[in-house]
Amino acid sequence: MHFHHVAASGPSGPVPRQLPADVSTFVNRSDELGQLNAVLADRNGGRVVVSVHVVAGTAGAGKTSLVLHWAHQVKDQFPDGQLFVNLRGYDPGEPVTAAQALQRFLRALGVAPAEVPQDVDDAAAMYRSLIADRRVLILLDNAATVSQVRPLLPGGGDSLVVVTSRSRLAGLSVRDGARRITLGTLPEPEAVALLRAVTRGYRPEDDGDKLAELARLCARLPLALRIAAERAASHPHMRLDDLISDLRDESALWDALSTGIDDEAEAIRSVFTWSYRALPTHSARLFRLLGLHPGAAFSLPAAAALGEATPSRTRQLLDDLVGAHLLEQTAPDRFQFHDLLRAYATDLAQAEESSDQRQAARRRVLSWYLHTANAAQTWLYPSEDHLPLPEPLPEVTPLVFTDYNAAVDWSEREQGNFLPVVRDAARNGMDETAWLLATILWFARPASSSERDWLELGRIGLEAATRREDQRAQTRLLINMGIAHRALNNFSEGQDALERAVTLARSSQSRFDEAQALNLMGLIYLRQRELDLADAHFGQAMSVFRDLGNGQRAATALSNIASTRLSAGRLPEAASVIDEALAAHRALANRGGEGNLLRIAAALRLEEGDTDAARRSIDEALDIALALRDHTREGFWLLTLGDIQRTAAQHGDALTSYQRSAMLHRRLGDRSREALAWRGTGQTYAAMDRHGEATTFHRQAAAVHRDLGDTWQLALELDHLAAAVHPEDPETARGHWIEALTHLTPYTDRRATSIRSRIERLLTRAAG
C-alpha cells in the first residue's frame with residue numbers, strides 16, 4: 001500500500017518548461033503544508049481526519065499536488081503503508097464511488113476480489129476491521145461530497161486521513177471531527193516569483209508591478225499562473241502590457257457573467273479562455289474535441305481519430321496544447337487533462353460543436369477502439385473467431401500489432417478506458433457499437449486482469465443487445481458472463497447465464513453457441529464435482545463441434561473429458577484421450593490448449609509415479625503460460641508444479657510455487673484455487689514435520705471451502721487437516737475425519753470411494 005508516482009518517459013515532442021527547483025521549494029514550504037506537519041506532530045494517537053479545502057486551480061503548480069508531495073515526504077511515519085485514491089469528484093466523467101474506492105482499498109489490503117462485499121456498509125466494516133490496528137496514511141484526493149468520503153474513514157486506530165476537496169465538506173468537521181485546512185492561493189511575492197522563474201531566459205526582465213498585476217488577474221492560482229507564464233514565455237516579443245490587456249478583457253467578460261459566488265473559479269476560467277483563444281484554429285478544435293474522449297487519459301492515435309487528422313498532424317496539435325499547459329503528456333504518445341481543463345474542454349465542445357459534429361467525433365473514437373481491440377484479439381486470442389464488423393470510418397486508422405507483446409502492452413495501457421468507452425456508446429444511442437465493444441473487449445483485455453473487471457462491460461453490452469433484440473449478441477455476452485462467473489466461483493450466476501444462452505442459441509438455431517454454452521456448463525459441473533453431468537455436457541459439446549467441423553473446439557471438449565476422468569481417478573481412460581487431444585491442439589497451434597493438456601498429462605504422470613515425465617510436462621506448460629503472459633494459467637499450473645516438487649522432496653521450491661500461485665489467484669479473485677495453494681503449502685510443511693504450520697494453512701483452506709459451499713474440497717482439506725494435527729491431538733484429528741466422511745457421502749466416483757475407504761480404515765485403527 002504505497003503511493004505510486006508514474007514518471008513520464010521522454011516525450012516525442014516539445015514539453016512544458018519544468019518548474020524551477022527554487023520555486024518548487026518555496027511552494028512546498030507554504031504555510032498550509034506547515035499546518036499539515038503541525039497536525040502530524042501534535043497527534044497523540046487515535047484516528048485523525050484532516051479536511052484540506054483546495055481552492056480551484058491550487059493543485060497543478062507542478063506534476064503532482066502539493067498534498068501528495070507532502071504525503072510522500074512523511075510516508076516513513078506510517079509503517080503499515082499508505083492508501084491513495086483519486087475520487088475524481090470534479091471530473092466531467094463518472095466520479096469514483098465509495099463502493100469502488102473500498103474495493104480498491106480492500107484489494108490493496110490483501111482481500112481477494114471475490115471476497116469483497118458488494119454492500120457498501122459490509123465493505124466499509126471489513127475495511128475498518130483490517131486497518132483498526134494499523135498505522136496507515138490515507139489520502140482521499142479530489143472528493144466532491146461527504147458521502148464519497150465517510151465510508152472510507154477508519155472507525156478508530158492510529159491512522160491519519162487527509163481529504164482534499166474543492167468543497168469545504170463541513171459535515172466532516174461537524175460529525176467526524178475533521179480539522180480543516182485551506183490550501184489557498186499563493187501570496188503575491190510567491191506568485192510573482194513563480195511567473196518570473198518560468199519566463200526567465202525566454203523574454204526580457206519584466207517589471208515587478210506588471211507581473212503582480214498579471215498574478216492578480218490569475219487570482220494567484222498556481223494552475224492559472226503556469227498557463228499565463230507559459231503564454232508569456234512563448235511570446236517573448238509581446239509586451240506584458242498587451243498580454244495583461246488581453247487577459248483583463250477576458251476577466252471583464254467573466255465578471256459581467258459572474259454571480260460573484262466563486263471568484264477563483266471565474267478567474268481560472270477566464271485564464272483558460274484567454275489561453276484557449278490564443279491557440280491556432282486546429283489546435284483549439286482538437287482541444288475541445290478531446291473533451292469528448294470517454295476516459296481520463298488517451299493516446300495519440302485516439303486523439304487523431306477524434307480530431308479527423310493524421311497521427312503526425314495530431315502530434316503537432318498536441319504539442320501546441322502541451323506547450324500551452326492545457327494538456328499534460330504522461331508518457332510517449334499518452335496524454336491527460338487536469339480535470340478542470342477537461343471539464344472546460346467538454347463545455348467548449350457542447351457550445352462550439354453541433355450535435356452532429358459531437359456525435360461524429362464520438363463515432364470516430366469508438367470506431368478506433370472497436371477496430372484496434374479487434375486487432376489485439378488476433379494476437380491475444382488467435383483461436384477465437386472475429387465478429388463481423390462495420391468498416392472503420394474513413395477518418396479512422398486503427399492500430400495494427402506486430403506481435404503478441406505489442407497487443408498486450410496496448411491492452412494494459414488502455415484497460416482503464418474500456419468501461420468508459422462501452423458506457424459512452426450506450427449512453428449516446430450506439431447500441432450496436434456498445435455490444436460489439438463489450439464482446440470484443442472480452443478477448444482484448446489483458447490476460448492478467450480479473451474477470452470481475454469485465455462484468456460491468458458485459459452487463460452494459462447485454463442491455464444494449466437486448467434493446468436491439470439481437471439474440472446472437474445476447475448469447476455471446478451471456479456465454480462470456482458464464483465464464484466470468486465460473487472463474488469467480490459464482491457458480492449459480494454462471495449456470496443461470498449459460499442456461500439463458502442455451503435457450504437463446506436453440507431459439508436462433510445456433511448450434512455453435514449452444515455447444516459452447518454446454519461445454520462451459522460442463523466446466524462448472526466439474527468444479528462442483530458433479531462428474532457425470534460434466535462428462536455428459538462435454539460429450540454433447542464435442543459431438544456438435546465435430547459435426548460442425550470445428551476441430552479446435554472439439555479438442556477443447558476432449559481435453560475437458562480427460563480432466564474429468566482424471567478427477568474421478570479413472571487414469572487409464574484419461575490417458576487414452578490425452579495424447580489425441582494434445583496432438584489436435586498442437587496441429588492447430590493452439591498454445592493455450594496445448595499447455596492445459598500438458599498440465600493434465602503432468603498430473604496423470606505424477607499419480608502414476610513418474611515424476612521426471614511429470615516435471616517435463618509441467619515445465620513445458622508453464623513456459624507457454626509465461627510466453628502468453630497469462631496469470632490465470634500460470635497460477636493454476638503452478639499448483640501442479642508444486643505437487644511435483646513436493647513429491648520429489650524439493651520442499652523449498654514447492655513452497656515458492658504454492659506462494660506465487662496463491663498470490664496470483666488472490667489477485668485474480670479465485671478464492672477456491674488460492675485455497676488449493678494453501679493446501680499444497682500445508683502438505684509441504686507436513687512433509688517437513690512442521691505440523692503446526694501445516695495445521696494453520698489447512699485450517700485457512702478449509703474455512704474458504706466451507707464458505708464457498710464446496711463439500712468435496714472441504715472433505716479433502718479436513719482429511720489433510722486431520723493428518724496434520726494427529727501427532728499432537730489424535731482426538732481432534734478423529735473429529736475432522738468423521739466430518740470429512742459426512743461430506744464425502746454424495747460422491748460415488750472411484751477416487752471418492754478410495755478416499756472414503758482409507759479414512760474409514762484410519763478411524764477403525766484409531767478405535768482399536
# chains A, B, ... in the order shown; residues from 1 in each chain; ligands from 1

call {"tool": "residues_around", "arguments": {"residues": "segment 200-215 of chain A", "least_positions_apart": "3", "cutoff": "8 Å", "atoms": "only C-alpha atoms", "output": "list of chain:residue names"}}
result
A:Glu188, A:Pro189, A:Ala191, A:Val192, A:Leu195, A:Arg196, A:Ala197, A:Cys218, A:Ala219, A:Arg220, A:Leu225, A:Ala232, A:Ala233, A:Ser234, A:His235, A:Pro236, A:His237, A:Leu240, A:Asp241, A:Ile244

call {"tool": "residues_around", "arguments": {"residues": "Asp532 of chain A", "least_positions_apart": "6", "cutoff": "10 Å", "atoms": "only C-alpha atoms", "output": "PDB file with N, CA, C and O atoms, in the first residue's frame"}}
result
ATOM      1  N   GLY A 522     -20.409 -27.689 -18.449  1.00  0.00           N
ATOM      2  CA  GLY A 522     -19.647 -28.844 -18.000  1.00  0.00           C
ATOM      3  C   GLY A 522     -18.510 -28.449 -17.078  1.00  0.00           C
ATOM      4  O   GLY A 522     -18.227 -29.135 -16.083  1.00  0.00           O
ATOM      5  N   TYR A 525     -19.924 -27.822 -13.674  1.00  0.00           N
ATOM      6  CA  TYR A 525     -20.207 -29.101 -13.022  1.00  0.00           C
ATOM      7  C   TYR A 525     -18.910 -29.776 -12.559  1.00  0.00           C
ATOM      8  O   TYR A 525     -18.859 -30.395 -11.494  1.00  0.00           O
ATOM      9  N   LEU A 526     -17.846 -29.629 -13.351  1.00  0.00           N
ATOM     10  CA  LEU A 526     -16.557 -30.215 -12.959  1.00  0.00           C
ATOM     11  C   LEU A 526     -16.040 -29.556 -11.688  1.00  0.00           C
ATOM     12  O   LEU A 526     -15.553 -30.247 -10.778  1.00  0.00           O
ATOM     13  N   PHE A 538     -19.752 -32.277 -21.682  1.00  0.00           N
ATOM     14  CA  PHE A 538     -18.578 -32.227 -22.561  1.00  0.00           C
ATOM     15  C   PHE A 538     -18.792 -33.110 -23.787  1.00  0.00           C
ATOM     16  O   PHE A 538     -18.423 -32.730 -24.908  1.00  0.00           O
ATOM     17  N   THR A 564     -11.913 -34.515 -16.492  1.00  0.00           N
ATOM     18  CA  THR A 564     -12.983 -35.104 -15.683  1.00  0.00           C
ATOM     19  C   THR A 564     -12.631 -36.527 -15.267  1.00  0.00           C
ATOM     20  O   THR A 564     -12.817 -36.926 -14.105  1.00  0.00           O
ATOM     21  N   ARG A 565     -12.111 -37.301 -16.192  1.00  0.00           N
ATOM     22  CA  ARG A 565     -11.759 -38.690 -15.885  1.00  0.00           C
ATOM     23  C   ARG A 565     -10.585 -38.766 -14.909  1.00  0.00           C
ATOM     24  O   ARG A 565     -10.561 -39.615 -14.021  1.00  0.00           O
ATOM     25  N   ALA A 568     -11.872 -38.092 -11.497  1.00  0.00           N
ATOM     26  CA  ALA A 568     -12.611 -39.240 -10.964  1.00  0.00           C
ATOM     27  C   ALA A 568     -11.699 -40.399 -10.589  1.00  0.00           C
ATOM     28  O   ALA A 568     -12.174 -41.388 -10.014  1.00  0.00           O
ATOM     29  N   ASP A 749     -17.773 -41.621  -7.192  1.00  0.00           N
ATOM     30  CA  ASP A 749     -16.771 -41.949  -8.197  1.00  0.00           C
ATOM     31  C   ASP A 749     -15.622 -42.725  -7.559  1.00  0.00           C
ATOM     32  O   ASP A 749     -15.511 -42.835  -6.328  1.00  0.00           O
TER      33      ASP A 749
END

call {"tool": "atom_distance", "arguments": {"atom1": "atom CA of Asn550 of chain A", "atom2": "atom CA of Asp513 of chain A"}}
result
12.2 Å

call {"tool": "atom_distance", "arguments": {"atom1": "atom CA of Leu419 of chain A", "atom2": "atom CA of Arg88 of chain A"}}
result
15.7 Å

call {"tool": "residues_around", "arguments": {"residues": "segment 599-607 of chain A", "least_positions_apart": "2", "cutoff": "8 Å", "atoms": "only C-alpha atoms", "output": "JSON, numbers by chain"}}
result
{"A": [562, 563, 566, 571, 575, 578, 595, 596, 597, 609, 610, 611, 613, 614, 615, 616, 617, 618, 621, 637, 640, 644]}

call {"tool": "closest_residue", "arguments": {"among": "A:Arg180, A:Leu641, A:Ser383, A:Glu469", "to": "Arg591 of chain A", "atoms": "only C-alpha atoms"}}
result
A:Ser383

call {"tool": "atom_distance", "arguments": {"atom1": "atom CA of Leu321 of chain A", "atom2": "atom CA of Leu140 of chain A"}}
result
29.1 Å

call {"tool": "closest_residue", "arguments": {"among": "A:Asp612, A:Glu412, A:Asp424, A:Asp76", "to": "Gln359 of chain A", "atoms": "only C-alpha atoms"}}
result
A:Asp424

call {"tool": "select_by_dssp", "arguments": {"residues": "segment 352-436 of chain A", "states": "alpha helix (DSSP H)", "output": "PyMOL selection string"}}
result
chain A and resi 352+355-380+404-427+431-436

call {"tool": "closest_residue", "arguments": {"among": "A:Thr378, A:Thr145, A:Gln35, A:Ser510", "to": "Phe545 of chain A", "atoms": "only C-alpha atoms"}}
result
A:Ser510

call {"tool": "closest_atom_pairs", "arguments": {"of": "segment 661-707 of chain A", "to": "segment 453-459 of chain A", "cutoff": "12 Å", "atoms": "only C-alpha atoms", "output": "tab-separated table"}}
result
residue	atom	partner	partner_atom	distance
A:Arg667	CA	A:Asp453	CA	11.6
A:Leu668	CA	A:Asp453	CA	9.7
A:Gly669	CA	A:Asp453	CA	10.4

call {"tool": "residues_around", "arguments": {"residues": "Leu130 of chain A", "least_positions_apart": "4", "cutoff": "9 Å", "atoms": "only C-alpha atoms", "output": "ChimeraX atom specification"}}
result
/A:106,109,125-126,134

call {"tool": "closest_atom_pairs", "arguments": {"of": "segment 414-453 of chain A", "to": "segment 302-313 of chain A", "cutoff": "12 Å", "atoms": "only C-alpha atoms", "output": "tab-separated table"}}
result
residue	atom	partner	partner_atom	distance
A:Glu414	CA	A:Ala302	CA	10.6
A:Asn417	CA	A:Ala302	CA	11.2
A:Val421	CA	A:Ala302	CA	11.6

call {"tool": "write_last_selection", "arguments": {"atoms": "C-alpha atoms", "output": "PDB file, in the first residue's frame"}}
result
ATOM      1  CA  GLU A 414      -5.962   1.145 -22.318  1.00  0.00           C
ATOM      2  CA  ASN A 417     -10.753   3.216 -20.796  1.00  0.00           C
ATOM      3  CA  VAL A 421     -15.949   3.669 -23.969  1.00  0.00           C
TER       4      VAL A 421
END

call {"tool": "residues_around", "arguments": {"residues": "Leu292 of chain A", "least_positions_apart": "5", "cutoff": "9 Å", "atoms": "only C-alpha atoms", "output": "ChimeraX atom specification"}}
result
/A:306,342,345-346,349,358,361-362

call {"tool": "residues_around", "arguments": {"residues": "Pro151 of chain A", "least_positions_apart": "3", "cutoff": "9 Å", "atoms": "only C-alpha atoms", "output": "count of residues only"}}
result
11

call {"tool": "select_by_dssp", "arguments": {"residues": "segment 147-218 of chain A", "states": "strand (DSSP E or B)", "output": "list in words"}}
result
Leu160, Val161, Val162, Val163, Thr164, Ser165, Arg179, Arg180, Ile181, Thr182, Leu183, Arg200 and Arg203 of chain A

call {"tool": "closest_residue", "arguments": {"among": "A:Leu744, A:Pro382, A:Asp347, A:Asp403", "to": "Ala589 of chain A", "atoms": "only C-alpha atoms"}}
result
A:Pro382
